[in-house]
>>> print(open('query04.txt').read())   # compact mmCIF, C-alpha atoms
# COMPACT_ATOMS: atom_id res chain seq x y z
CA MET A 13 86.68 141.15 125.09
CA THR A 14 88.38 138.32 126.96
CA ALA A 15 88.68 134.76 125.68
CA THR A 16 86.25 133.59 128.37
CA ARG A 17 83.64 136.14 127.33
CA LEU A 18 84.07 135.23 123.67
CA LEU A 19 83.61 131.55 124.48
CA ILE A 20 80.47 132.27 126.48
CA LEU A 21 79.17 134.51 123.67
CA ALA A 22 79.81 131.71 121.15
CA ALA A 23 78.15 129.16 123.43
CA GLY A 24 75.10 131.39 123.88
CA LEU A 25 74.73 131.81 120.14
CA MET A 26 75.18 128.07 119.66
CA GLY A 27 72.51 127.33 122.28
CA ALA A 28 70.06 129.76 120.73
CA THR A 29 70.67 128.27 117.29
CA GLY A 30 70.21 124.79 118.73
CA VAL A 31 66.79 125.70 120.11
CA ALA A 32 65.79 127.34 116.82
CA PHE A 33 66.93 124.29 114.85
CA ALA A 34 65.00 122.01 117.23
CA ALA A 35 61.84 124.01 116.60
CA LEU A 36 62.39 123.91 112.85
CA ALA A 37 63.15 120.17 112.99
CA SER A 38 59.87 119.61 114.81
CA HIS A 39 57.77 121.61 112.39
CA ALA A 40 58.97 122.93 109.03
CA TYR A 41 61.78 120.39 108.53
CA ALA A 42 60.39 117.35 110.34
CA GLY A 43 62.11 114.10 109.47
CA THR A 44 65.38 115.74 108.45
CA SER A 45 68.79 115.56 110.06
CA LEU A 46 68.32 119.11 111.37
CA ALA A 47 67.41 117.53 114.71
CA VAL A 48 70.95 116.12 114.90
CA ALA A 49 72.41 119.59 114.37
CA ALA A 50 70.08 120.95 117.07
CA THR A 51 71.18 118.25 119.50
CA MET A 52 74.88 118.84 118.91
CA LEU A 53 74.53 122.61 119.35
CA SER A 54 72.39 122.26 122.46
CA LEU A 55 74.70 119.66 123.99
CA HIS A 56 77.99 121.43 123.36
CA ALA A 57 76.94 125.00 124.28
CA PRO A 58 76.74 124.35 128.04
CA ALA A 59 79.86 122.18 127.87
CA ILE A 60 81.80 125.10 126.40
CA ILE A 61 80.55 127.35 129.20
CA ALA A 62 81.61 124.77 131.78
CA VAL A 63 85.10 124.46 130.30
CA ALA A 64 85.47 128.24 130.10
CA ILE A 65 84.46 128.63 133.74
CA GLY A 66 86.65 125.70 134.83
CA ARG A 67 89.60 127.31 133.08
CA LYS A 68 88.88 130.70 134.61
CA ALA A 69 88.59 129.12 138.08
CA ASN A 70 92.03 127.50 137.57
CA LEU A 71 90.56 124.00 137.88
CA LEU A 72 91.61 123.00 134.37
CA HIS A 73 94.98 123.28 132.67
CA ASP A 74 94.79 126.71 131.03
CA PRO A 75 96.26 126.24 127.53
CA VAL A 76 94.81 122.76 127.04
CA SER A 77 91.32 123.76 128.17
CA ARG A 78 91.38 126.92 126.06
CA ILE A 79 92.23 124.90 122.95
CA ALA A 80 89.65 122.25 123.86
CA ALA A 81 86.87 124.82 124.36
CA TRP A 82 87.56 126.47 121.00
CA GLY A 83 87.79 123.01 119.42
CA LEU A 84 84.37 122.14 120.78
CA ALA A 85 82.96 125.39 119.41
CA ALA A 86 84.58 125.13 115.99
CA GLY A 87 83.87 121.43 115.57
CA THR A 88 80.23 121.80 116.58
CA VAL A 89 79.64 124.79 114.33
CA LEU A 90 81.30 123.02 111.40
CA PHE A 91 79.38 119.77 111.95
CA SER A 92 76.01 121.43 112.57
CA GLY A 93 76.55 124.07 109.90
CA ASP A 94 77.19 121.41 107.29
CA ILE A 95 74.04 119.51 108.28
CA ALA A 96 71.97 122.71 108.28
CA MET A 97 73.27 123.71 104.86
CA ARG A 98 72.33 120.29 103.50
CA VAL A 99 68.81 120.68 104.90
CA PHE A 100 68.27 124.32 103.89
CA ALA A 101 70.28 124.58 100.66
CA GLY A 102 70.62 120.99 99.49
CA THR A 103 74.41 121.10 99.55
CA GLY A 104 77.01 120.95 102.29
CA LEU A 105 79.59 123.56 103.25
CA PHE A 106 82.40 121.61 101.56
CA PRO A 107 83.26 117.92 101.11
CA MET A 108 83.86 116.12 104.42
CA ALA A 109 82.87 119.18 106.52
CA ALA A 110 80.61 117.22 108.90
CA PRO A 111 83.13 114.41 109.49
CA LEU A 112 85.89 116.98 110.02
CA GLY A 113 83.71 118.79 112.55
CA GLY A 114 82.92 115.50 114.26
CA MET A 115 86.60 114.59 114.51
CA ALA A 116 87.33 118.04 115.92
CA MET A 117 84.66 117.51 118.59
CA ILE A 118 86.10 114.12 119.52
CA ALA A 119 89.61 115.56 119.77
CA ALA A 120 88.33 118.51 121.79
CA TRP A 121 86.58 116.21 124.27
CA ALA A 122 89.85 114.32 124.67
CA GLY A 123 91.44 117.72 125.31
CA VAL A 124 88.88 118.45 128.02
CA ALA A 125 89.78 115.14 129.67
CA LEU A 126 93.48 115.99 129.45
CA ALA A 127 92.90 119.49 130.87
CA GLY A 128 91.12 117.92 133.82
CA ALA A 129 93.82 115.31 134.34
CA LEU A 130 96.56 117.91 134.27
CA GLY A 131 94.58 120.27 136.46
CA GLY A 132 95.06 123.96 136.99
CA ARG A 133 96.88 125.93 139.62
CA ARG A 134 94.10 125.40 142.18
CA ALA A 135 93.41 121.75 141.33
CA VAL A 136 93.31 119.40 144.31
>>> encode(input="query04.txt", output="structure tokens")
Amino acid sequence: MTATRLLILAAGLMGATGVAFAALASHAYAGTSLAVAATMLSLHAPAIIAVAIGRKANLLHDPVSRIAAWGLAAGTVLFSGDIAMRVFAGTGLFPMAAPLGGMAMIAAWAGVALAGALGGRRAV
């Protein structure tokens, strides 16, 4: 499986989880921070798809956009996973997991900006 397909697979799973978390946050876990995890997953899933397609279309700098897309995926899963664990199990993944995931997302978004600024082979 190619890197692009893996990124789109990860984004699809993130999007599905985001919708499931949103439903749970509206019903069974109303008033918890699970809604934040749902929002982050739902927001970053299409962004990852867009970066993967932009990289594949040679509009974004290839290595930078590849790292940025995986950073978005890893950071979002870490951040949202920590929040979900706190809601479901009462304890986080590990100390500082959510802040680490948040910092990874911030860095990855900066990477997306850099990939766009550098452009790909077809950039105009």
>>> atom_distance(input="query04.txt", atom1="CA of Gly66 (chain A)", atom2="CA of Ala49 (chain A)")
25.7 Å
>>> closest_residue(input="query04.txt", among="A:Met26, A:Leu53, A:Ala34, A:Ala86", to="Leu112 (chain A)", atoms="all atoms listed in the file")
A:Ala86
>>> atom_distance(input="query04.txt", atom1="CA of Ser77 (chain A)", atom2="CA of Gly114 (chain A)")
18.2 Å
>>> closest_residue(input="query04.txt", among="A:Ala15, A:Leu21, A:Ala96, A:Ala81", to="Ala59 (chain A)", atoms="all atoms listed in the file")
A:Ala81
>>> closest_residue(input="query04.txt", among="A:Val99, A:Leu18, A:Ala122, A:Ala129", to="Ala42 (chain A)", atoms="only C-alpha atoms")
A:Val99
>>> residues_around(input="query04.txt", residues="region 36-38 of chain A", least_positions_apart="6", cutoff="7 Å", atoms="all atoms listed in the file", output="PDB file with C-alpha atoms, keeping the file's coordinate frame")
ATOM      1  CA  THR A  44      65.380 115.740 108.450  1.00  0.00           C
ATOM      2  CA  LEU A  46      68.320 119.110 111.370  1.00  0.00           C
ATOM      3  CA  ALA A  47      67.410 117.530 114.710  1.00  0.00           C
TER       4      ALA A  47
END
>>> atom_distance(input="query04.txt", atom1="CA of Val76 (chain A)", atom2="CA of Leu90 (chain A)")
20.7 Å
>>> residues_around(input="query04.txt", residues="Ile118 (chain A)", least_positions_apart="3", cutoff="10 Å", atoms="all atoms listed in the file", output="PyMOL selection string")
chain A and resi 80+83-84+87+112-115+121-124
>>> residues_around(input="query04.txt", residues="Lys68 (chain A)", least_positions_apart="5", cutoff="9 Å", atoms="all atoms listed in the file", output="list in words")
Thr16, Val63 and Asp74 of chain A
>>> closest_residue(input="query04.txt", among="A:Ile61, A:Ala110, A:Ala116, A:Met13", to="Arg98 (chain A)", atoms="all atoms listed in the file")
A:Ala110
>>> closest_residue(input="query04.txt", among="A:Pro75, A:Pro111, A:Gly93, A:Gly102", to="Gly131 (chain A)", atoms="all atoms listed in the file")
A:Pro75
>>> closest_residue(input="query04.txt", among="A:Phe91, A:Met117, A:Gly104, A:Arg78", to="Ala50 (chain A)", atoms="only C-alpha atoms")
A:Phe91
>>> axis_aligned_box(input="query04.txt", around="region 30-41 of chain A", padding_each_side="8 Å", output="lines of an AutoDock Vina configuration file")
center_x = 64.0
center_y = 123.5
center_z = 114.3
size_x = 28.4
size_y = 23.7
size_z = 27.6
>>> residues_around(input="query04.txt", residues="Ala23 (chain A)", least_positions_apart="3", cutoff="7 Å", atoms="only C-alpha atoms", output="list in words")
Leu19, Ile20, Met26, Gly27, Ala57, Pro58, Ile60 and Ile61 of chain A
>>> decode(input="query04.txt", residues="region 16-46 of chain A", atoms="C-alpha atoms", output="short mmCIF file (atom, residue, chain, number, x, y, z; two decimals), in the first residue's frame")
data_model
loop_
_atom_site.label_atom_id
_atom_site.label_comp_id
_atom_site.auth_asym_id
_atom_site.auth_seq_id
_atom_site.Cartn_x
_atom_site.Cartn_y
_atom_site.Cartn_z
CA THR A 16 -0.95 8.20 0.00
CA ARG A 17 -3.34 5.29 0.45
CA LEU A 18 -2.19 4.78 4.03
CA LEU A 19 -2.75 8.46 4.79
CA ILE A 20 -6.23 8.35 3.29
CA LEU A 21 -6.98 5.14 5.22
CA ALA A 22 -5.83 6.81 8.46
CA ALA A 23 -7.87 9.93 7.67
CA GLY A 24 -10.97 7.85 6.98
CA LEU A 25 -10.61 6.04 10.28
CA MET A 26 -10.02 9.34 12.06
CA GLY A 27 -13.14 10.85 10.46
CA ALA A 28 -15.27 7.86 11.40
CA THR A 29 -13.98 7.98 14.96
CA GLY A 30 -14.66 11.71 15.08
CA VAL A 31 -18.30 11.18 14.12
CA ALA A 32 -18.66 8.36 16.66
CA PHE A 33 -17.11 10.51 19.39
CA ALA A 34 -19.43 13.39 18.46
CA ALA A 35 -22.44 11.11 18.86
CA LEU A 36 -21.17 9.82 22.20
CA ALA A 37 -20.39 13.37 23.36
CA SER A 38 -23.96 14.38 22.54
CA HIS A 39 -25.57 11.49 24.36
CA ALA A 40 -23.75 9.08 26.67
CA TYR A 41 -20.87 11.41 27.57
CA ALA A 42 -22.54 14.82 27.34
CA GLY A 43 -20.64 17.60 29.05
CA THR A 44 -17.25 15.90 28.74
CA SER A 45 -14.22 16.88 26.71
CA LEU A 46 -14.99 14.07 24.26
#
